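A.B. asks: What follows is a single structure, and I will ask about it in a moment.
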Amino acid sequence: MEEKQYVTEWANENLGLTLKITKMLHEEQTPYQKIQIADTLEYGRLLILDGVFQTSVKDEWTYHEMISHVPLMLHPNPERVLIIGGGDGGVAREVCRHDCVKQVDLCDIDGRVIELSKEYFPTIASALLDPPEKLHVHVGDGIAFAKSVKDFYDVIIIDCSDPIGPGEGLFTREFYKSAHEALREDGLIVQQTESPIVQQKTVHDVYKAMGDVFPIVRMYYSHVPIYPACMHSFMLASKVHDPLRTGVRRPVPQPMKYYNRTIQKSCFVLPNFIKELLYKG
Ligand code: SAM
């Protein structure tokens with residue numbers, strides 16, 4: 001395999017993040033996307049899909065803890081959780097830490113992401129390697145999966161790729177309607193929605209589309225060093241529970257590297273430029 005010294009993710013034609021690599025470990029084109037796995041000097045082992053950095057061993061917790069525990073701790077008793085995407089296993093690992101969760105369905109469209117994550121990312125994919133009884137892994141389109149279920153899940157987590165390629169349909173009003181129907185009467189959904197600095201259109205469009213379907217929509221953020229401009233947004237849409245009014249109602253699984261009880265509320269406190277972005281027409 002050809003040796004490369006650097007990998008770059010281009011957020012747009014003006015901005016890229018470049019990491020020095022020690023070795024390109026794997027490259028493969030699947031029917032859905034190009035998968036690359038490289039060892040980098042700064043962030044350790046890195047998963048890249050279609051040229052976009054997905055997760056790294058050194059910073060994965062900044063993303064996986066925040067996309068998982070914020071919605072789970074907002075819900076008073078999450079028993080059934082659906083993860084769409086998430087083939088690297090990081091979200092499944094975090095969700096399975098909650099004793100109240102009795103069933104976790106993970107549906108990723110690309111079985112190769114799941115298999116390669118088990119091989120190359122054992123710490124992230126630990127729940128896939130040694131699955132607890134409550135975890136069920138499905139290989140298929142998350143859009144069709146969500147459509148086939150009614151009134152069942154308490155929390156849906158969309159840990160998808162960006163809105164190009166196989167992830168595109170997960171960013172539509174139609175999909176949010178299916179998700180709304182798949183949720184129980186006090187259910188909630190969270191989705192990764194890219195950077196509020198360099199991918200503002202995604203943030204704005206998802207806020208509006210979710211707002212057409214759910215009565216409560218709130219954006220929160222984390223700092224994810226391998227994503228463009230570091231600040232990364234998540235959109236949470238809810239039928240009943242409002243994160244601005246509700247605090248943490250049960251013990252937080254320990255240990256955590258990023259998430260804590262205070263962050264549960266403070267991550268929803270938005271700077272003015274994001275409020276302007278969300279509330280404009
Ligand atoms: N944390 C990452 C990020 O934001 O860059 C995303 C995690 S990555 C594991 C995203 C996963 O979504 C990929 O494994 C991809 O196969 C999956 N995916 C994309 N479109 C999908 C769809 N329509 N249904 C299910 N999984 C999908």
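Ligands are numbered from 1 in the order shown, chains are lettered A, B, ... in the order of the structure tokens, and residues start at 1 in each chain.
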Counting only C-alpha atoms and all ligand atoms, which protein, DNA or RNA residues come within 8 Å of ligand 1, given as number ranges by chain?

C.D. replies: A: 32-33, 49, 52-55, 63-64, 84-89, 107-111, 113-114, 139-143, 159-162, 165-170, 192-194, 227

A.B. asks: So that I can see what lies close to A:Leu17, please list as a CSV table (one decimal) with C-alpha atoms, in the first residue's frame the residues with an atom at most 10 Å from it, counting only C-alpha atoms and leaving out residues fewer than 5 positions away in the same chain.

C.D. replies:
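Saved as around.csv:
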```csv
chain,number,residue,atom,x,y,z
A,7,VAL,CA,-4.3,13.4,5.2
A,8,THR,CA,-6.5,16.5,4.8
A,9,GLU,CA,-10.2,16.9,5.3
A,10,TRP,CA,-11.5,19.9,3.3
A,11,ALA,CA,-14.5,21.6,5.0
A,53,PHE,CA,-12.6,12.7,9.4
A,225,PRO,CA,-10.8,18.8,17.6
A,226,ILE,CA,-10.8,16.7,14.4
A,227,TYR,CA,-14.0,18.4,13.0
A,228,PRO,CA,-13.8,21.7,11.0
A,229,ALA,CA,-13.4,24.7,13.3
```

A.B. asks: In Å to one decimal, how far is atom CA of A:Tyr120 from atom CA of A:Ile37?

C.D. replies: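 Calculated distance between atom CA of A:Ile37 and atom CA of A:Tyr120 is 7.9 Å.
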
A.B. asks: Contacts of A:Lys177 at 7 Å or less, counting only C-alpha atoms, minus same-chain residues fewer than 4 places along, as a VMD selection string?

C.D. replies: chain A and resid 173 181 213

A.B. asks: Grab the residues selected above and save them as a PDB file, in the first residue's frame with N, CA and C atoms.

C.D. replies:
```
ATOM      1  N   ARG A 173     -36.993  16.552   6.164  1.00  0.00           N
ATOM      2  CA  ARG A 173     -38.247  16.642   6.924  1.00  0.00           C
ATOM      3  C   ARG A 173     -38.970  15.281   6.923  1.00  0.00           C
ATOM      4  N   GLU A 181     -42.734   9.347  14.374  1.00  0.00           N
ATOM      5  CA  GLU A 181     -43.678   8.232  14.521  1.00  0.00           C
ATOM      6  C   GLU A 181     -43.029   7.032  15.211  1.00  0.00           C
ATOM      7  N   VAL A 213     -41.666  19.501  12.572  1.00  0.00           N
ATOM      8  CA  VAL A 213     -42.172  18.182  12.984  1.00  0.00           C
ATOM      9  C   VAL A 213     -42.304  18.059  14.510  1.00  0.00           C
TER      10      VAL A 213
END
```

A.B. asks: Run DSSP on the backbone of this structure and report the residues of stretch 35-261 of chain A it assigns to strand (DSSP E or B), as a PyMOL selection string.

C.D. replies: chain A and resi 35-40+44-49+52-56+80-85+103-108+135-139+153-159+183-192+216-223+231-238

A.B. asks: Within 6 Å of stretch 264-268 of chain A, counting only C-alpha atoms, which residues show up once you throw out same-chain ones fewer than 4 positions away? Write them as an NGL selection string, please.

C.D. replies: :A and (70 or 220-221)

A.B. asks: Give the helix (DSSP H, G or I) residues of stretch 108-200 of chain A, as assigned by DSSP on the backbone, as a count of residues only.

C.D. replies: 38

A.B. asks: For A:Glu27, list every protein, DNA or RNA residue within 9 Å, evaluated using only C-alpha atoms, and leave out those in the same chain fewer than 5 positions away; present the list as a list in words.

C.D. replies: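 Skipping anything fewer than 5 positions along the chain leaves Met1, Lys34, Ile35, Gln36, Ile37 and Ala38 of chain A.
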
A.B. asks: So, counting only C-alpha atoms, which residue among A:Asp154, A:Asp39, A:Glu13, A:Glu79 is closest to A:Val198?

C.D. replies: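 Closest to A:Val198, using only C-alpha atoms: A:Glu13.
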